[in-house]
file work_38.cif (mmCIF, C-alpha atoms and all ligand atoms)
data_coords
loop_
_atom_site.label_atom_id
_atom_site.label_comp_id
_atom_site.auth_asym_id
_atom_site.auth_seq_id
_atom_site.Cartn_x
_atom_site.Cartn_y
_atom_site.Cartn_z
CA MET F 922 -15.62 -84.50 103.33
CA ALA F 923 -12.46 -86.61 102.94
CA GLU F 924 -14.70 -89.62 102.61
CA ASN F 925 -16.73 -87.82 99.93
CA LYS F 926 -13.60 -87.04 97.91
CA LYS F 927 -12.73 -90.73 97.80
CA LYS F 928 -16.25 -91.78 96.97
CA TYR F 929 -16.58 -89.32 94.08
CA ASP F 930 -13.26 -90.05 92.35
CA ILE F 931 -14.97 -90.99 89.10
CA GLU F 932 -16.88 -87.72 88.88
CA VAL F 933 -14.12 -85.24 89.58
CA VAL F 934 -12.06 -84.88 86.31
CA GLN F 935 -10.60 -81.50 87.38
CA GLU F 936 -11.98 -79.62 90.36
CA GLY F 937 -13.10 -76.12 89.49
CA PHE F 938 -12.74 -76.48 85.71
CA ALA F 939 -15.88 -76.21 83.55
CA ASN F 940 -15.64 -79.94 82.75
CA GLY F 941 -14.91 -80.88 86.36
CA VAL F 942 -16.81 -80.53 89.60
CA ALA F 943 -17.37 -77.41 91.71
CA PRO F 944 -15.23 -77.06 94.84
CA GLY F 945 -17.08 -78.73 97.72
CA PHE F 946 -18.81 -81.21 95.35
CA PRO F 947 -21.47 -82.45 95.79
CA LEU F 948 -23.34 -79.29 96.82
CA SER F 949 -26.27 -79.36 99.24
CA ASP F 950 -29.57 -77.74 98.22
CA LYS F 951 -28.69 -74.78 100.44
CA GLU F 952 -25.29 -74.35 98.79
CA LYS F 953 -26.91 -74.53 95.35
CA GLU F 954 -29.41 -71.84 96.34
CA LYS F 955 -26.54 -69.61 97.51
CA MET F 956 -24.72 -70.17 94.23
CA ILE F 957 -27.87 -69.34 92.21
CA ASN F 958 -28.30 -66.07 94.14
CA LYS F 959 -24.70 -65.04 93.43
CA ALA F 960 -24.84 -66.07 89.77
CA GLU F 961 -28.17 -64.25 89.31
CA LYS F 962 -26.63 -60.96 90.44
CA ALA F 963 -23.57 -61.46 88.24
CA TYR F 964 -25.69 -62.30 85.19
CA GLY F 965 -27.75 -59.14 85.72
CA LYS F 966 -24.50 -57.17 85.51
CA PHE F 967 -23.53 -59.08 82.38
CA LEU F 968 -26.82 -58.00 80.75
CA ASP F 969 -26.22 -54.41 81.96
CA ALA F 970 -22.85 -54.50 80.20
CA LEU F 971 -24.61 -55.61 77.02
CA GLY F 972 -26.93 -52.58 77.21
CA CYS F 973 -30.03 -54.63 78.01
CA ASP F 974 -32.69 -52.90 80.12
CA TRP F 975 -33.74 -56.27 81.54
CA ARG F 976 -35.21 -54.84 84.77
CA ASN F 977 -37.97 -53.04 82.83
CA ASP F 978 -38.45 -55.61 80.10
CA PRO F 979 -41.39 -57.86 81.15
CA ASN F 980 -39.87 -60.76 79.22
CA SER F 981 -36.45 -60.43 80.75
CA ASN F 982 -36.87 -59.11 84.29
CA ASP F 983 -36.45 -62.57 85.79
CA THR F 984 -33.92 -63.78 83.21
CA PRO F 985 -30.79 -63.54 85.40
CA ARG F 986 -32.42 -65.94 87.89
CA ARG F 987 -33.68 -68.23 85.12
CA VAL F 988 -30.21 -68.45 83.61
CA ALA F 989 -28.55 -69.08 86.99
CA LYS F 990 -31.05 -71.84 87.80
CA ALA F 991 -30.62 -73.44 84.37
CA TYR F 992 -26.85 -73.67 84.88
CA VAL F 993 -27.03 -75.13 88.39
CA HIS F 994 -29.99 -77.49 87.93
CA ASP F 995 -29.65 -78.49 84.28
CA LEU F 996 -26.84 -77.32 82.01
CA TRP F 997 -24.04 -77.81 84.56
CA ALA F 998 -25.83 -80.16 86.97
CA GLY F 999 -22.98 -82.69 86.71
CA ARG F 1000 -20.65 -80.18 88.40
CA TYR F 1001 -22.86 -79.88 91.48
CA THR F 1002 -24.92 -83.05 91.89
CA ALA F 1003 -23.45 -86.52 92.37
CA MET F 1004 -24.59 -89.57 90.51
CA THR F 1005 -26.28 -92.20 92.69
CA PRO F 1006 -23.73 -94.99 93.20
CA ILE F 1007 -23.44 -97.33 90.24
CA THR F 1008 -23.63 -101.01 90.97
CA SER F 1009 -22.15 -103.63 88.70
CA PHE F 1010 -23.17 -107.28 88.54
CA PRO F 1011 -21.39 -110.55 87.72
CA SER F 1012 -21.64 -111.24 83.99
CA ASP F 1013 -22.78 -114.87 84.62
CA GLY F 1014 -20.76 -116.26 81.76
CA TYR F 1015 -22.01 -113.79 79.10
CA ASP F 1016 -18.91 -113.05 77.02
CA GLY F 1017 -20.45 -111.13 74.12
CA ILE F 1018 -20.46 -107.42 73.44
CA VAL F 1019 -22.92 -105.18 75.31
CA ILE F 1020 -23.98 -102.13 73.30
CA GLU F 1021 -26.23 -99.23 74.18
CA ARG F 1022 -26.67 -96.84 71.31
CA ASN F 1023 -28.44 -93.52 70.78
CA ILE F 1024 -28.11 -92.33 74.38
CA PRO F 1025 -29.27 -88.69 74.17
CA LEU F 1026 -26.58 -86.14 74.91
CA THR F 1027 -27.06 -82.54 76.01
CA SER F 1028 -23.90 -80.68 76.86
CA MET F 1029 -22.29 -77.28 76.60
CA CYS F 1030 -19.09 -76.32 74.85
CA SER F 1031 -16.50 -75.04 77.34
CA HIS F 1032 -15.16 -72.55 74.78
CA HIS F 1033 -18.33 -70.65 73.84
CA HIS F 1034 -21.02 -71.74 76.32
CA GLN F 1035 -23.29 -72.84 73.50
CA THR F 1036 -25.12 -76.14 73.79
CA ILE F 1037 -24.07 -79.40 72.19
CA GLY F 1038 -26.72 -81.94 71.22
CA GLY F 1039 -26.26 -85.45 69.95
CA VAL F 1040 -26.03 -89.10 70.83
CA VAL F 1041 -23.58 -91.36 72.58
CA HIS F 1042 -23.00 -95.02 71.69
CA ILE F 1043 -21.29 -97.24 74.23
CA GLY F 1044 -20.02 -100.81 73.88
CA TYR F 1045 -18.01 -103.04 76.18
CA ILE F 1046 -17.06 -106.65 76.75
CA ALA F 1047 -16.94 -107.92 80.31
CA GLY F 1048 -13.86 -109.87 81.42
CA GLU F 1049 -13.80 -113.50 82.55
CA GLY F 1050 -15.86 -113.42 85.73
CA GLY F 1051 -16.07 -109.68 85.09
CA LYS F 1052 -18.71 -107.09 85.76
CA VAL F 1053 -21.65 -105.77 83.75
CA ILE F 1054 -23.51 -102.52 84.51
CA GLY F 1055 -27.27 -101.99 84.59
CA LEU F 1056 -28.16 -100.44 81.23
CA SER F 1057 -29.68 -97.20 82.51
CA LYS F 1058 -26.45 -96.57 84.42
CA LEU F 1059 -24.74 -95.91 81.10
CA ASN F 1060 -27.32 -93.16 80.50
CA ARG F 1061 -26.55 -91.76 83.94
CA ILE F 1062 -22.82 -91.66 83.19
CA VAL F 1063 -23.56 -89.71 79.99
CA GLU F 1064 -25.72 -87.26 82.00
CA LEU F 1065 -23.07 -86.81 84.68
CA PHE F 1066 -20.29 -85.81 82.27
CA GLY F 1067 -22.49 -84.24 79.60
CA ARG F 1068 -24.11 -81.83 82.06
CA ARG F 1069 -20.95 -79.76 82.39
CA GLY F 1070 -18.74 -77.67 80.21
CA ALA F 1071 -17.26 -79.98 77.61
CA ILE F 1072 -14.80 -80.43 74.82
CA GLN F 1073 -16.15 -83.36 72.84
CA GLU F 1074 -12.81 -85.20 72.68
CA GLN F 1075 -12.39 -85.00 76.46
CA LEU F 1076 -16.05 -85.87 77.08
CA THR F 1077 -15.58 -89.04 75.02
CA SER F 1078 -12.59 -90.01 77.16
CA ALA F 1079 -14.35 -89.20 80.46
CA ILE F 1080 -17.35 -91.41 79.59
CA HIS F 1081 -15.04 -94.16 78.34
CA ASN F 1082 -12.90 -94.09 81.47
CA ALA F 1083 -15.91 -94.14 83.81
CA VAL F 1084 -17.39 -97.18 82.04
CA SER F 1085 -14.01 -98.87 82.04
CA GLN F 1086 -13.52 -98.26 85.74
CA ILE F 1087 -16.98 -99.59 86.66
CA THR F 1088 -16.68 -102.71 84.47
CA GLU F 1089 -13.39 -103.61 86.14
CA GLY F 1090 -11.53 -106.41 84.36
CA ASN F 1091 -13.30 -105.72 81.02
CA LYS F 1092 -11.78 -106.83 77.70
CA GLY F 1093 -12.44 -103.47 76.11
CA VAL F 1094 -14.66 -100.39 76.06
CA ILE F 1095 -15.65 -98.21 73.10
CA VAL F 1096 -17.48 -94.88 73.15
CA THR F 1097 -18.59 -92.91 70.09
CA ILE F 1098 -20.18 -89.46 70.28
CA VAL F 1099 -21.97 -87.80 67.37
CA GLY F 1100 -22.35 -84.17 68.42
CA THR F 1101 -23.84 -81.06 66.84
CA HIS F 1102 -22.33 -77.90 68.27
CA ASN F 1103 -24.36 -74.70 68.39
CA CYS F 1104 -21.11 -72.73 68.52
CA VAL F 1105 -20.57 -73.93 64.94
CA SER F 1106 -24.17 -73.55 63.72
CA CYS F 1107 -25.11 -70.24 65.43
CA ARG F 1108 -21.90 -68.24 65.59
CA GLY F 1109 -18.55 -68.10 63.81
CA VAL F 1110 -18.86 -70.04 60.58
CA LYS F 1111 -22.67 -70.53 61.14
CA HIS F 1112 -22.90 -73.89 59.45
CA GLN F 1113 -26.05 -75.88 60.27
CA GLY F 1114 -26.00 -79.66 60.45
CA ALA F 1115 -22.27 -80.36 60.67
CA ALA F 1116 -21.71 -83.22 63.11
CA MET F 1117 -18.54 -84.08 64.98
CA VAL F 1118 -17.78 -87.76 65.52
CA THR F 1119 -15.30 -88.89 68.17
CA THR F 1120 -14.42 -92.40 69.29
CA LYS F 1121 -12.37 -93.61 72.23
CA ALA F 1122 -11.58 -97.31 72.32
CA SER F 1123 -9.57 -99.59 74.57
CA GLY F 1124 -8.71 -103.28 74.79
CA VAL F 1125 -9.97 -105.45 71.93
CA PHE F 1126 -11.74 -102.48 70.31
CA ARG F 1127 -8.37 -100.92 69.47
CA GLU F 1128 -7.36 -103.82 67.23
CA ASN F 1129 -7.95 -103.21 63.53
CA ASN F 1130 -10.22 -105.84 61.94
CA ASN F 1131 -11.40 -106.93 65.38
CA LEU F 1132 -14.87 -108.53 65.13
CA ALA F 1133 -16.24 -106.78 68.23
CA ARG F 1134 -15.19 -103.41 66.83
CA LYS F 1135 -16.91 -104.27 63.54
CA GLU F 1136 -20.01 -105.48 65.40
CA PHE F 1137 -20.15 -102.18 67.32
CA PHE F 1138 -19.97 -99.97 64.24
CA ASP F 1139 -22.32 -102.24 62.24
CA SER F 1140 -24.91 -102.03 65.01
CA LEU F 1141 -24.88 -98.23 64.80
CA LYS F 1142 -26.13 -98.45 61.23
CA ILE F 1143 -29.30 -100.32 62.25
CA ASN F 1144 -32.31 -98.05 62.88
CA ASN F 1145 -29.96 -95.34 63.90
CA GLY F 1146 -32.63 -92.71 64.25
CA GLY F 1147 -31.02 -90.53 61.63
CA HIS F 1148 -27.76 -90.17 63.52
CA ASN F 1149 -25.50 -91.34 60.76
CA ILE F 1150 -21.96 -92.36 61.39
ZN ZN D 1 -17.58 -74.00 71.03
#

call {"tool": "encode", "arguments": {"input": "work_38.cif", "output": "structure tokens", "more": "lines below"}}
Ligand SMILES: [Zn+2]
result
Amino acid sequence: MAENKKKYDIEVVQEGFANGVAPGFPLSDKEKEKMINKAEKAYGKFLDALGCDWRNDPNSNDTPRRVAKAYVHDLWAGRYTAMTPITSFPSDGYDGIVIERNIPLTSMCSHHHQTIGGVVHIGYIAGEGGKVIGLSKLNRIVELFGRRGAIQEQLTSAIHNAVSQITEGNKGVIVTIVGTHNCVSCRGVKHQGAAMVTTKASGVFRENNNLARKEFFDSLKINNGGHNI
């Protein structure tokens, strides 16, 4: 287990917290099954408290199990399941910006347990003799941190820091998230369509009027799939 702890440094954030990993991370299939069984019972009680006769309702009599499974396997999967190790490669003299935009994001707000949808845009510049990451690995990093409880500001930082750590020696990393929060559209103020935009930048991307920073934001305007920024 001590070896695991070291290996999974990048994933941890804060053990036990909604945006961190579950104690004992990563969980085996058996441990996940045990967790689902416990959560199923607890969710049944939650529905009892809300006056829902779920046991006799044909549409809801399996809902506590469905909800528990959705949390463990999908909505909070990043708290229980480790990412496969991410390999980085020599940049072979490429010194330009690498951008992946419109990475789909599904997450859940830690405050209200309502889903967050949106996109993540990531840019970085490898250092001299530095490392680049396989493109799909950026998607996997987004999945790992998105599939937990989240506060968008912190999620932006977590993704940024993971990319920065993996591209060791980089000249800068920038991460922008455009998120739509169901806790804003479905409850409270109930405003549809409001989007939250957060950006975390380091290295050259922090300099005002920096060309790489401009190139990153300009690229987001091209065929942006309707996700305006
Ligand atoms: Zn919320």

call {"tool": "residues_near_ligand", "arguments": {"input": "work_38.cif", "ligand": "ligand ZN 1 (chain D)", "cutoff": "7 Å", "atoms": "only C-alpha atoms and all ligand atoms", "output": "PyMOL selection string"}}
result
chain F and resi 1030-1035+1102+1104-1105

call {"tool": "residues_around", "arguments": {"input": "work_38.cif", "residues": "Ala1133 of chain F", "least_positions_apart": "6", "cutoff": "12 Å", "atoms": "all atoms listed in the file", "output": "list in words"}}
result
Asp1016, Gly1017, Ile1018, Val1019, Ile1020, Gly1044, Tyr1045, Ile1046, Lys1092, Gly1093, Val1094, Ile1095, Ala1122, Ser1123, Gly1124, Val1125, Phe1126, Arg1127, Asp1139 and Ser1140 of chain F

call {"tool": "residues_around", "arguments": {"input": "work_38.cif", "residues": "Gln1073 of chain F", "least_positions_apart": "5", "cutoff": "8 Å", "atoms": "only C-alpha atoms", "output": "list in words"}}
result
Cys1030, Ile1098, Gly1100 and Thr1119 of chain F

call {"tool": "closest_residue", "arguments": {"input": "work_38.cif", "among": "F:Val934, F:Ile1043, F:Leu948, F:Ala943", "to": "Ala1071 of chain F", "atoms": "all atoms listed in the file"}}
result
F:Val934

call {"tool": "atom_distance", "arguments": {"input": "work_38.cif", "atom1": "atom CA of His1042 of chain F", "atom2": "atom CA of Met1117 of chain F"}}
result
13.6 Å

call {"tool": "atom_distance", "arguments": {"input": "work_38.cif", "atom1": "atom CA of Ile1062 of chain F", "atom2": "atom CA of Ile1080 of chain F"}}
result
6.6 Å

call {"tool": "residues_around", "arguments": {"input": "work_38.cif", "residues": "Gly1114 of chain F", "least_positions_apart": "5", "cutoff": "12 Å", "atoms": "all atoms listed in the file", "output": "list of chain:residue names"}}
result
F:Ile1037, F:Gly1038, F:Gly1039, F:Val1099, F:Gly1100, F:Thr1101, F:His1102, F:Asn1103, F:Cys1104, F:Val1105, F:Ser1106, F:Cys1107, F:His1148, F:Asn1149

call {"tool": "closest_residue", "arguments": {"input": "work_38.cif", "among": "F:Thr1027, F:Val1040, F:Ala1047, F:Ile931", "to": "Ala1083 of chain F", "atoms": "only C-alpha atoms"}}
result
F:Ile931

call {"tool": "atom_distance", "arguments": {"input": "work_38.cif", "atom1": "atom CA of Glu1049 of chain F", "atom2": "atom CA of Leu1076 of chain F"}}
result
28.3 Å

call {"tool": "residues_around", "arguments": {"input": "work_38.cif", "residues": "Gly965 of chain F", "least_positions_apart": "4", "cutoff": "12 Å", "atoms": "all atoms listed in the file", "output": "list in words"}}
result
Asn958, Lys959, Ala960, Glu961, Asp969, Ala970, Leu971, Gly972, Cys973, Asp974, Trp975, Arg976, Ser981, Asn982, Asp983, Thr984, Pro985, Arg986, Arg987, Val988 and Ala989 of chain F

call {"tool": "decode", "arguments": {"input": "work_38.cif", "residues": "segment 981-997 of chain F", "atoms": "N, CA, C and O atoms", "output": "PDB file, in the first residue's frame"}}
result
ATOM      1  N   SER F 981     -39.019   3.103  -9.144  1.00  0.00           N
ATOM      2  CA  SER F 981     -37.993   3.542  -8.185  1.00  0.00           C
ATOM      3  C   SER F 981     -37.472   2.439  -7.282  1.00  0.00           C
ATOM      4  O   SER F 981     -36.584   2.688  -6.478  1.00  0.00           O
ATOM      5  N   ASN F 982     -38.041   1.199  -7.423  1.00  0.00           N
ATOM      6  CA  ASN F 982     -37.659   0.204  -6.406  1.00  0.00           C
ATOM      7  C   ASN F 982     -36.205  -0.273  -6.511  1.00  0.00           C
ATOM      8  O   ASN F 982     -35.699  -0.884  -5.591  1.00  0.00           O
ATOM      9  N   ASP F 983     -35.546   0.045  -7.600  1.00  0.00           N
ATOM     10  CA  ASP F 983     -34.119  -0.282  -7.676  1.00  0.00           C
ATOM     11  C   ASP F 983     -33.249   0.988  -7.700  1.00  0.00           C
ATOM     12  O   ASP F 983     -32.047   0.930  -7.960  1.00  0.00           O
ATOM     13  N   THR F 984     -33.891   2.124  -7.438  1.00  0.00           N
ATOM     14  CA  THR F 984     -33.177   3.402  -7.557  1.00  0.00           C
ATOM     15  C   THR F 984     -32.013   3.552  -6.578  1.00  0.00           C
ATOM     16  O   THR F 984     -30.936   4.019  -6.979  1.00  0.00           O
ATOM     17  N   PRO F 985     -32.169   3.139  -5.304  1.00  0.00           N
ATOM     18  CA  PRO F 985     -31.000   3.289  -4.410  1.00  0.00           C
ATOM     19  C   PRO F 985     -29.760   2.588  -4.967  1.00  0.00           C
ATOM     20  O   PRO F 985     -28.657   3.126  -4.906  1.00  0.00           O
ATOM     21  N   ARG F 986     -29.925   1.414  -5.549  1.00  0.00           N
ATOM     22  CA  ARG F 986     -28.762   0.706  -6.125  1.00  0.00           C
ATOM     23  C   ARG F 986     -28.248   1.426  -7.375  1.00  0.00           C
ATOM     24  O   ARG F 986     -27.041   1.560  -7.569  1.00  0.00           O
ATOM     25  N   ARG F 987     -29.181   1.905  -8.211  1.00  0.00           N
ATOM     26  CA  ARG F 987     -28.760   2.633  -9.416  1.00  0.00           C
ATOM     27  C   ARG F 987     -27.935   3.864  -9.050  1.00  0.00           C
ATOM     28  O   ARG F 987     -26.908   4.143  -9.669  1.00  0.00           O
ATOM     29  N   VAL F 988     -28.405   4.585  -8.032  1.00  0.00           N
ATOM     30  CA  VAL F 988     -27.697   5.812  -7.640  1.00  0.00           C
ATOM     31  C   VAL F 988     -26.319   5.464  -7.088  1.00  0.00           C
ATOM     32  O   VAL F 988     -25.309   6.083  -7.451  1.00  0.00           O
ATOM     33  N   ALA F 989     -26.267   4.438  -6.222  1.00  0.00           N
ATOM     34  CA  ALA F 989     -24.977   4.042  -5.632  1.00  0.00           C
ATOM     35  C   ALA F 989     -23.990   3.630  -6.724  1.00  0.00           C
ATOM     36  O   ALA F 989     -22.816   4.013  -6.709  1.00  0.00           O
ATOM     37  N   LYS F 990     -24.472   2.854  -7.695  1.00  0.00           N
ATOM     38  CA  LYS F 990     -23.593   2.414  -8.789  1.00  0.00           C
ATOM     39  C   LYS F 990     -23.129   3.605  -9.637  1.00  0.00           C
ATOM     40  O   LYS F 990     -21.970   3.660 -10.064  1.00  0.00           O
ATOM     41  N   ALA F 991     -24.027   4.537  -9.876  1.00  0.00           N
ATOM     42  CA  ALA F 991     -23.662   5.701 -10.694  1.00  0.00           C
ATOM     43  C   ALA F 991     -22.549   6.509 -10.021  1.00  0.00           C
ATOM     44  O   ALA F 991     -21.620   6.979 -10.687  1.00  0.00           O
ATOM     45  N   TYR F 992     -22.640   6.658  -8.698  1.00  0.00           N
ATOM     46  CA  TYR F 992     -21.578   7.392  -7.992  1.00  0.00           C
ATOM     47  C   TYR F 992     -20.240   6.650  -8.113  1.00  0.00           C
ATOM     48  O   TYR F 992     -19.217   7.240  -8.446  1.00  0.00           O
ATOM     49  N   VAL F 993     -20.243   5.359  -7.810  1.00  0.00           N
ATOM     50  CA  VAL F 993     -18.973   4.619  -7.736  1.00  0.00           C
ATOM     51  C   VAL F 993     -18.368   4.388  -9.128  1.00  0.00           C
ATOM     52  O   VAL F 993     -17.166   4.539  -9.328  1.00  0.00           O
ATOM     53  N   HIS F 994     -19.205   4.064 -10.108  1.00  0.00           N
ATOM     54  CA  HIS F 994     -18.659   3.723 -11.434  1.00  0.00           C
ATOM     55  C   HIS F 994     -18.542   4.909 -12.384  1.00  0.00           C
ATOM     56  O   HIS F 994     -17.763   4.861 -13.339  1.00  0.00           O
ATOM     57  N   ASP F 995     -19.339   5.963 -12.158  1.00  0.00           N
ATOM     58  CA  ASP F 995     -19.336   7.067 -13.125  1.00  0.00           C
ATOM     59  C   ASP F 995     -19.072   8.433 -12.499  1.00  0.00           C
ATOM     60  O   ASP F 995     -18.040   9.031 -12.719  1.00  0.00           O
ATOM     61  N   LEU F 996     -20.058   8.909 -11.706  1.00  0.00           N
ATOM     62  CA  LEU F 996     -19.989  10.302 -11.251  1.00  0.00           C
ATOM     63  C   LEU F 996     -18.760  10.585 -10.390  1.00  0.00           C
ATOM     64  O   LEU F 996     -18.157  11.649 -10.491  1.00  0.00           O
ATOM     65  N   TRP F 997     -18.392   9.637  -9.530  1.00  0.00           N
ATOM     66  CA  TRP F 997     -17.237   9.818  -8.646  1.00  0.00           C
ATOM     67  C   TRP F 997     -16.146   8.782  -8.930  1.00  0.00           C
ATOM     68  O   TRP F 997     -15.325   8.484  -8.048  1.00  0.00           O
TER      69      TRP F 997
END
